[in-house]
>>> print(open('run28.txt').read())   # compact mmCIF, C-alpha atoms
# COMPACT_ATOMS: atom_id res chain seq x y z
CA MET J 1 0.00 0.00 0.00
CA THR J 2 1.40 3.39 -0.94
CA ALA J 3 1.36 6.28 1.48
CA SER J 4 -1.24 9.00 1.06
CA PRO J 5 0.26 12.06 -0.68
CA ILE J 6 -0.57 14.26 2.28
CA PHE J 7 1.85 12.26 4.43
CA THR J 8 4.76 12.41 1.99
CA ALA J 9 7.69 14.71 2.67
CA ALA J 10 6.78 16.85 -0.34
CA GLY J 11 3.18 17.11 0.84
CA ARG J 12 4.24 18.16 4.34
CA SER J 13 6.69 20.68 2.92
CA ALA J 14 4.04 22.24 0.67
CA ALA J 15 1.53 22.38 3.53
CA LEU J 16 4.05 24.05 5.85
CA ALA J 17 4.95 26.56 3.13
CA GLY J 18 1.26 27.33 2.58
CA ILE J 19 0.72 27.84 6.31
CA GLY J 20 3.79 30.06 6.47
CA PHE J 21 2.55 32.25 3.64
CA MET J 22 -0.89 32.55 5.26
CA LEU J 23 0.59 33.46 8.64
CA MET J 24 2.72 36.12 6.97
CA ALA J 25 -0.33 37.48 5.14
CA VAL J 26 -2.32 37.72 8.36
CA PHE J 27 0.59 39.46 10.10
CA LEU J 28 0.75 42.02 7.29
CA PHE J 29 -3.02 42.59 7.38
CA GLY J 30 -2.80 43.16 11.13
CA LEU J 31 0.12 45.55 10.73
CA ASN J 32 -1.76 47.37 7.96
CA SER J 33 -4.78 47.85 10.22
CA ALA J 34 -2.63 49.07 13.12
CA VAL J 35 -0.70 51.61 11.04
CA GLY J 36 -3.97 52.65 9.41
CA LYS J 37 -5.48 53.27 12.85
CA TRP J 38 -2.50 55.46 13.68
CA LEU J 39 -2.80 57.39 10.41
CA VAL J 40 -6.56 58.03 10.61
CA ALA J 41 -5.97 59.63 13.99
CA LYS J 42 -4.10 62.35 12.06
CA TYR J 43 -5.76 62.37 8.64
CA PRO J 44 -9.38 62.13 7.43
CA ILE J 45 -10.48 58.60 6.56
CA GLY J 46 -11.26 59.56 2.95
CA GLU J 47 -7.81 61.05 2.53
CA PHE J 48 -6.22 57.92 4.01
CA MET J 49 -8.15 55.73 1.58
CA LEU J 50 -7.29 57.99 -1.36
CA ILE J 51 -3.54 58.05 -0.71
CA ARG J 52 -3.19 54.42 0.30
CA SER J 53 -5.20 53.10 -2.64
CA THR J 54 -3.51 55.39 -5.16
CA LEU J 55 -0.09 54.14 -4.06
CA THR J 56 -1.36 50.56 -4.17
CA LEU J 57 -2.61 51.01 -7.74
CA ILE J 58 0.78 52.42 -8.72
CA LEU J 59 2.43 49.29 -7.34
CA LEU J 60 -0.14 47.15 -9.15
CA SER J 61 0.30 48.94 -12.46
CA PRO J 62 2.68 46.34 -14.03
CA PHE J 63 0.16 43.58 -13.30
CA ILE J 64 -2.71 45.74 -14.57
CA TRP J 65 -0.80 46.40 -17.80
CA TYR J 66 -0.08 42.68 -18.18
CA ALA J 67 -3.76 41.79 -17.67
CA GLY J 68 -4.70 44.16 -20.47
CA ARG J 69 -7.83 46.14 -21.27
CA ALA J 70 -9.77 43.02 -22.18
CA ALA J 71 -9.66 41.74 -18.60
CA PHE J 72 -11.67 44.80 -17.56
CA ALA J 73 -13.83 45.31 -20.65
CA ASN J 74 -14.95 41.66 -20.63
CA ALA J 75 -15.52 41.39 -16.90
CA PRO J 76 -18.80 39.52 -16.31
CA ARG J 77 -21.89 41.03 -14.66
CA PRO J 78 -20.96 44.75 -14.71
CA GLY J 79 -23.81 45.68 -12.39
CA LEU J 80 -22.64 43.27 -9.72
CA GLN J 81 -19.05 44.45 -10.23
CA LEU J 82 -20.17 48.00 -9.45
CA LEU J 83 -22.14 46.85 -6.41
CA ARG J 84 -19.04 45.06 -5.10
CA ILE J 85 -17.01 48.26 -5.49
CA VAL J 86 -19.59 50.20 -3.46
CA PHE J 87 -19.66 47.54 -0.74
CA SER J 88 -15.87 47.28 -0.53
CA SER J 89 -15.37 51.04 -0.26
CA ALA J 90 -18.04 51.32 2.44
CA GLU J 91 -16.57 48.38 4.35
CA VAL J 92 -13.05 49.85 4.44
CA ALA J 93 -14.35 53.30 5.44
CA MET J 94 -16.46 51.84 8.25
CA PHE J 95 -13.57 49.70 9.54
CA PHE J 96 -11.25 52.68 9.92
CA TRP J 97 -14.08 54.87 11.19
CA ALA J 98 -14.76 52.32 13.93
CA VAL J 99 -11.10 51.65 14.69
CA SER J 100 -10.46 55.37 15.17
CA TYR J 101 -12.69 55.15 18.27
CA LEU J 102 -12.56 51.50 19.35
CA PRO J 103 -9.60 49.33 20.34
CA LEU J 104 -8.10 47.45 17.39
CA ALA J 105 -8.96 44.05 18.88
CA ASP J 106 -12.62 45.03 19.38
CA THR J 107 -13.10 46.11 15.76
CA THR J 108 -11.25 43.04 14.47
CA THR J 109 -13.49 40.80 16.59
CA PHE J 110 -16.60 42.17 14.88
CA TYR J 111 -15.04 41.64 11.45
CA LEU J 112 -14.10 38.05 12.30
CA ALA J 113 -17.83 37.33 12.25
CA GLY J 114 -17.92 38.09 8.51
CA PRO J 115 -17.81 34.40 7.42
CA ILE J 116 -20.69 33.68 9.80
CA TYR J 117 -22.79 36.37 8.15
CA VAL J 118 -21.82 34.96 4.76
CA THR J 119 -23.30 31.60 5.71
CA ALA J 120 -26.55 33.21 6.84
CA LEU J 121 -26.86 35.60 3.88
CA SER J 122 -25.89 33.02 1.26
CA VAL J 123 -29.25 31.31 1.86
CA LEU J 124 -31.10 34.44 0.73
CA LEU J 125 -28.68 35.86 -1.84
CA LEU J 126 -27.04 32.80 -3.38
CA ARG J 127 -29.83 30.25 -2.81
CA GLU J 128 -27.39 27.95 -1.04
CA ARG J 129 -28.64 25.26 1.31
CA VAL J 130 -27.51 25.30 4.93
CA GLY J 131 -28.26 22.43 7.31
CA TRP J 132 -29.19 22.65 10.96
CA ARG J 133 -25.64 22.11 12.19
CA ARG J 134 -24.33 25.17 10.40
CA TRP J 135 -27.39 27.20 11.40
CA THR J 136 -26.60 26.30 15.02
CA ALA J 137 -23.02 27.49 14.53
CA VAL J 138 -24.34 30.73 12.99
CA LEU J 139 -26.53 31.37 16.04
CA ILE J 140 -23.63 30.62 18.38
CA GLY J 141 -21.47 33.02 16.37
CA PHE J 142 -24.14 35.71 16.73
CA ALA J 143 -24.06 35.09 20.48
CA GLY J 144 -20.32 35.76 20.38
CA VAL J 145 -20.98 39.07 18.62
CA VAL J 146 -23.51 40.06 21.29
CA ILE J 147 -20.99 39.22 24.02
CA ALA J 148 -18.29 41.28 22.27
CA LEU J 149 -20.77 44.18 22.16
CA ARG J 150 -20.88 44.02 25.98
CA PRO J 151 -24.57 43.30 26.66
CA SER J 152 -25.78 46.47 28.32
CA SER J 153 -27.72 49.47 27.13
CA SER J 154 -24.69 51.73 27.49
CA SER J 155 -22.45 49.48 25.37
CA PHE J 156 -24.32 49.93 22.08
CA THR J 157 -22.30 52.99 21.12
CA LEU J 158 -22.15 54.50 17.64
CA PRO J 159 -18.59 53.19 16.98
CA ALA J 160 -19.65 49.67 17.98
CA LEU J 161 -22.66 49.83 15.70
CA ILE J 162 -20.46 51.15 12.87
CA ALA J 163 -18.08 48.20 13.33
CA LEU J 164 -21.00 45.79 13.41
CA SER J 165 -22.52 47.31 10.26
CA GLY J 166 -19.14 47.27 8.55
CA SER J 167 -18.71 43.57 9.29
CA VAL J 168 -22.07 42.83 7.66
CA ILE J 169 -21.04 44.85 4.59
CA TYR J 170 -17.76 42.91 4.60
CA ALA J 171 -19.84 39.74 4.34
CA LEU J 172 -21.63 41.24 1.34
CA VAL J 173 -18.23 41.93 -0.24
CA MET J 174 -17.33 38.25 0.18
CA ILE J 175 -20.67 37.12 -1.24
CA THR J 176 -20.41 39.34 -4.31
CA THR J 177 -16.80 38.23 -4.78
CA ARG J 178 -17.94 34.62 -4.65
CA ALA J 179 -20.61 35.37 -7.25
CA LEU J 180 -17.90 36.98 -9.44
CA ARG J 181 -15.35 34.20 -8.99
CA GLU J 182 -14.91 33.87 -12.77
CA THR J 183 -13.50 37.41 -12.89
CA ASN J 184 -9.74 37.85 -13.28
CA ASP J 185 -8.01 38.30 -9.90
CA ILE J 186 -6.21 41.47 -11.02
CA THR J 187 -9.53 42.92 -12.18
CA LEU J 188 -11.11 42.26 -8.79
CA MET J 189 -8.16 43.77 -6.92
CA THR J 190 -7.90 46.80 -9.22
CA THR J 191 -11.58 47.70 -9.09
CA TYR J 192 -11.48 47.29 -5.30
CA PHE J 193 -8.79 49.97 -5.01
CA ILE J 194 -10.32 52.18 -7.72
CA GLY J 195 -13.48 52.29 -5.64
CA ALA J 196 -11.48 53.38 -2.60
CA VAL J 197 -9.76 56.09 -4.64
CA ALA J 198 -13.12 57.37 -5.89
CA PHE J 199 -14.56 57.38 -2.37
CA GLY J 200 -11.54 59.22 -1.02
CA ALA J 201 -11.54 61.77 -3.84
CA ALA J 202 -15.21 62.52 -3.17
CA THR J 203 -14.43 63.37 0.48
CA VAL J 204 -11.44 65.63 -0.23
CA PRO J 205 -13.54 68.86 -0.37
CA PHE J 206 -14.72 68.15 3.18
CA GLY J 207 -11.26 68.02 4.69
CA TRP J 208 -7.62 67.65 3.72
CA VAL J 209 -4.48 67.55 5.85
CA THR J 210 -1.24 67.81 3.90
CA PRO J 211 0.87 64.76 4.84
CA VAL J 212 4.30 65.39 6.30
CA PRO J 213 7.20 63.56 4.60
CA ARG J 214 7.53 60.97 7.37
CA ASP J 215 3.87 60.01 7.14
CA ILE J 216 4.15 59.61 3.37
CA LEU J 217 6.60 56.80 4.11
CA PHE J 218 3.98 55.17 6.32
CA PHE J 219 1.39 55.52 3.54
CA CYS J 220 3.84 53.82 1.19
CA GLY J 221 4.39 51.14 3.81
CA VAL J 222 0.72 50.24 4.12
CA ALA J 223 0.41 50.15 0.32
CA CYS J 224 3.36 47.74 0.09
CA ALA J 225 1.97 45.66 2.96
CA ASN J 226 -1.36 45.44 1.11
CA ILE J 227 0.24 44.08 -2.05
CA LEU J 228 2.59 41.72 -0.22
CA ALA J 229 -0.27 40.36 1.92
CA GLN J 230 -2.37 39.65 -1.17
CA PHE J 231 0.62 37.92 -2.77
CA CYS J 232 1.13 35.77 0.33
CA VAL J 233 -2.53 34.72 0.32
CA ILE J 234 -2.30 33.68 -3.35
CA ARG J 235 0.95 31.77 -2.77
CA SER J 236 -0.52 30.12 0.31
CA LEU J 237 -3.55 28.80 -1.57
CA LYS J 238 -1.33 27.60 -4.41
CA ARG J 239 0.98 25.65 -2.10
CA ALA J 240 -1.68 24.08 0.13
CA SER J 241 -5.41 23.44 0.09
CA ALA J 242 -7.83 25.96 1.55
CA SER J 243 -8.87 23.47 4.25
CA VAL J 244 -5.28 23.55 5.55
CA VAL J 245 -4.49 27.27 5.45
CA VAL J 246 -7.78 29.22 5.78
CA PRO J 247 -8.27 28.50 9.52
CA TYR J 248 -4.99 30.31 10.20
CA GLN J 249 -6.65 33.57 9.14
CA TYR J 250 -8.15 33.69 12.61
CA THR J 251 -4.70 34.42 14.05
CA LEU J 252 -5.51 37.99 13.03
CA ILE J 253 -7.08 38.50 16.44
CA ILE J 254 -3.74 37.70 18.06
CA TRP J 255 -1.92 40.34 16.04
CA SER J 256 -4.71 42.84 16.70
CA VAL J 257 -4.21 42.34 20.43
CA VAL J 258 -0.40 42.57 20.13
CA PHE J 259 -0.38 45.69 17.92
CA GLY J 260 -3.17 47.32 19.92
CA TRP J 261 -1.22 46.77 23.13
CA GLN J 262 2.21 47.80 21.81
CA MET J 263 1.14 50.79 19.69
CA PHE J 264 -1.89 52.16 21.56
CA GLY J 265 -1.77 50.67 25.05
CA GLU J 266 -5.03 48.81 24.42
CA LEU J 267 -5.82 45.53 26.15
CA PRO J 268 -9.04 43.60 25.38
CA ASP J 269 -11.43 42.95 28.24
CA ALA J 270 -13.15 39.68 29.10
CA TYR J 271 -16.13 40.45 26.85
CA THR J 272 -13.92 40.92 23.78
CA ILE J 273 -11.84 37.81 24.52
CA GLY J 274 -14.91 35.67 25.21
CA GLY J 275 -16.79 36.95 22.17
CA ALA J 276 -13.78 36.47 19.91
CA ALA J 277 -13.27 32.89 21.14
CA ILE J 278 -16.91 32.01 20.40
CA ILE J 279 -16.85 33.70 16.98
CA VAL J 280 -13.63 31.91 15.98
CA ALA J 281 -14.93 28.53 17.17
CA ALA J 282 -18.20 28.99 15.27
CA GLY J 283 -16.38 30.17 12.14
CA LEU J 284 -13.99 27.21 12.19
CA TYR J 285 -16.88 24.79 12.59
CA ILE J 286 -18.78 26.35 9.68
CA PHE J 287 -15.69 26.14 7.50
CA TRP J 288 -15.12 22.50 8.46
CA ARG J 289 -18.78 21.64 7.86
CA GLU J 290 -18.73 23.30 4.43
CA ARG J 291 -15.76 21.11 3.53
CA VAL J 292 -17.69 18.01 4.62
CA VAL J 293 -20.74 19.00 2.58
CA ALA J 294 -18.57 19.83 -0.45
CA ARG J 295 -17.34 16.23 -0.49
CA GLN J 296 -20.90 14.94 -0.93
CA THR J 297 -21.33 12.92 -4.09
CA PRO J 298 -23.82 14.22 -6.70
CA ALA J 299 -25.91 11.12 -6.11
CA VAL J 300 -26.95 12.38 -2.69
CA PRO J 301 -30.21 14.28 -3.28
CA ALA J 302 -30.10 16.51 -0.23
CA GLU J 303 -27.31 18.21 1.66
CA LEU J 304 -26.36 16.74 4.99
CA PRO J 305 -27.39 18.97 7.89
>>> encode(input="run28.txt", output="structure tokens")
Amino acid sequence: MTASPIFTAAGRSAALAGIGFMLMAVFLFGLNSAVGKWLVAKYPIGEFMLIRSTLTLILLSPFIWYAGRAAFANAPRPGLQLLRIVFSSAEVAMFFWAVSYLPLADTTTFYLAGPIYVTALSVLLLRERVGWRRWTAVLIGFAGVVIALRPSSSSFTLPALIALSGSVIYALVMITTRALRETNDITLMTTYFIGAVAFGAATVPFGWVTPVPRDILFFCGVACANILAQFCVIRSLKRASASVVVPYQYTLIIWSVVFGWQMFGELPDAYTIGGAAIIVAAGLYIFWRERVVARQTPAVPAELP
């Protein structure tokens, strides 16, 4: 009997490389959010989005040129492409709006619930079937969100509600991206940043702070981190299967705590830690269950619960 490929040295090496790339991507996303939080304390959110996304598009320009005009002109479902751009711009703006008032770990905790919202919304928007086990995990995940909100009348502040709304819009970004999965990756990335540039440009008349030279370096840094993080995600998924590497995305909460503590003196309280733990557990279960259901043979008439 031959050994399963997953247990071969090559298979282990590829899996470890994929995990390493994903961990690096998550670290860069966490660093990006932390530096962004620092920058939006000094500059308007629209200006931050405008400068960061413009620099990112400049870095992406060789890939955009290589993709060619046809990749954009022939993009499927133009209406849905536009809707995704609107959602993505709103989601980024609401994240940095919330994080300018809330601790980094708190805002990240709300956004970790995005995959849970995707499962719930996919029933209505994508006509996907979800069994009772995943519905139970969705409800448990919602309970984690309520705990992270700190269940009291005084805890439902505007920043918390902004973060919560932003996480729901983030789920809509993921759903529209899933519906547009036949679109070229560079097209999806480019339109994402073009939307942020347009949003930022529209807000410029309402406030502009001329960046000092040192801060321009930080803007360049977050743009580079954005590109490198996306590259690491792509390399991760090419080296190892999604079932191996995607769960490591939840290490983002660890980096949010570390960066929040080191850069802003923020430490999460018991509500945030407890809520995050429940959300992560529910999200991991949903992901695992989706993998189980995906392995169903076509002969099975109904999805397992």
>>> residues_around(input="run28.txt", residues="Thr177 in chain J", least_positions_apart="2", cutoff="12 Å", atoms="only C-alpha atoms", output="PyMOL selection string")
chain J and resi 76-77+80-85+87-88+118+126+170-175+179-185+187-189+191-192
>>> atom_distance(input="run28.txt", atom1="CA of Leu102 in chain J", atom2="CA of Phe142 in chain J")
19.8 Å
>>> axis_aligned_box(input="run28.txt", around="range 65-84 of chain J", padding_each_side="3 Å", output="AutoDock Vina command-line options")
--center_x -11.9 --center_y 43.8 --center_z -13.6 --size_x 29.7 --size_y 14.5 --size_z 23.1
>>> atom_distance(input="run28.txt", atom1="CA of Ile253 in chain J", atom2="CA of Ala281 in chain J")
12.7 Å
>>> atom_distance(input="run28.txt", atom1="CA of Ala98 in chain J", atom2="CA of Gly265 in chain J")
17.2 Å
>>> closest_residue(input="run28.txt", among="J:Cys220, J:Ala34, J:Ala67, J:Ile234", to="Trp261 in chain J", atoms="all atoms listed in the file")
J:Ala34
>>> residues_around(input="run28.txt", residues="Arg133 in chain J", least_positions_apart="5", cutoff="12 Å", atoms="only C-alpha atoms", output="list in words")
Thr119, Val138, Leu139, Ile140, Ala282, Tyr285, Ile286, Phe287, Trp288, Arg289, Glu290, Val292, Val293, Glu303, Leu304 and Pro305 of chain J
>>> residues_around(input="run28.txt", residues="Ile194 in chain J", least_positions_apart="5", cutoff="8 Å", atoms="only C-alpha atoms", output="number ranges by chain")
J: 53-54, 57
>>> closest_residue(input="run28.txt", among="J:Ser13, J:Asn74, J:Thr109, J:Asn226", to="Ala163 in chain J", atoms="all atoms listed in the file")
J:Thr109
>>> build_atoms(input="run28.txt", residues="range 128-144 of chain J", atoms="N, CA and C atoms", output="mmCIF file, keeping the file's coordinate frame")
data_model
loop_
_atom_site.group_PDB
_atom_site.id
_atom_site.type_symbol
_atom_site.label_atom_id
_atom_site.label_comp_id
_atom_site.auth_asym_id
_atom_site.auth_seq_id
_atom_site.Cartn_x
_atom_site.Cartn_y
_atom_site.Cartn_z
ATOM 1 N N GLU J 128 -28.108 29.123 -1.509
ATOM 2 C CA GLU J 128 -27.390 27.950 -1.040
ATOM 3 C C GLU J 128 -28.149 27.298 0.110
ATOM 4 N N ARG J 129 -27.947 25.993 0.252
ATOM 5 C CA ARG J 129 -28.640 25.260 1.310
ATOM 6 C C ARG J 129 -27.731 25.107 2.514
ATOM 7 N N VAL J 130 -28.266 25.383 3.687
ATOM 8 C CA VAL J 130 -27.510 25.300 4.930
ATOM 9 C C VAL J 130 -28.283 24.406 5.898
ATOM 10 N N GLY J 131 -27.615 23.362 6.389
ATOM 11 C CA GLY J 131 -28.260 22.430 7.310
ATOM 12 C C GLY J 131 -28.307 22.951 8.728
ATOM 13 N N TRP J 132 -28.947 22.172 9.586
ATOM 14 C CA TRP J 132 -29.190 22.650 10.960
ATOM 15 C C TRP J 132 -27.896 22.790 11.755
ATOM 16 N N ARG J 133 -26.889 21.988 11.441
ATOM 17 C CA ARG J 133 -25.640 22.110 12.190
ATOM 18 C C ARG J 133 -24.974 23.466 11.947
ATOM 19 N N ARG J 134 -24.935 23.880 10.694
ATOM 20 C CA ARG J 134 -24.330 25.170 10.400
ATOM 21 C C ARG J 134 -25.201 26.332 10.888
ATOM 22 N N TRP J 135 -26.532 26.163 10.834
ATOM 23 C CA TRP J 135 -27.390 27.200 11.400
ATOM 24 C C TRP J 135 -27.142 27.352 12.897
ATOM 25 N N THR J 136 -26.917 26.234 13.589
ATOM 26 C CA THR J 136 -26.600 26.300 15.020
ATOM 27 C C THR J 136 -25.306 27.059 15.251
ATOM 28 N N ALA J 137 -24.294 26.781 14.407
ATOM 29 C CA ALA J 137 -23.020 27.490 14.530
ATOM 30 C C ALA J 137 -23.197 28.981 14.246
ATOM 31 N N VAL J 138 -24.067 29.319 13.285
ATOM 32 C CA VAL J 138 -24.340 30.730 12.990
ATOM 33 C C VAL J 138 -24.930 31.423 14.215
ATOM 34 N N LEU J 139 -25.905 30.788 14.852
ATOM 35 C CA LEU J 139 -26.530 31.370 16.040
ATOM 36 C C LEU J 139 -25.530 31.518 17.179
ATOM 37 N N ILE J 140 -24.662 30.527 17.346
ATOM 38 C CA ILE J 140 -23.630 30.620 18.380
ATOM 39 C C ILE J 140 -22.673 31.757 18.058
ATOM 40 N N GLY J 141 -22.322 31.906 16.766
ATOM 41 C CA GLY J 141 -21.470 33.020 16.370
ATOM 42 C C GLY J 141 -22.114 34.360 16.655
ATOM 43 N N PHE J 142 -23.424 34.482 16.407
ATOM 44 C CA PHE J 142 -24.140 35.710 16.730
ATOM 45 C C PHE J 142 -24.077 35.993 18.239
ATOM 46 N N ALA J 143 -24.173 34.921 19.029
ATOM 47 C CA ALA J 143 -24.060 35.090 20.480
ATOM 48 C C ALA J 143 -22.700 35.659 20.852
ATOM 49 N N GLY J 144 -21.656 35.209 20.138
ATOM 50 C CA GLY J 144 -20.320 35.760 20.380
ATOM 51 C C GLY J 144 -20.254 37.243 20.047
#
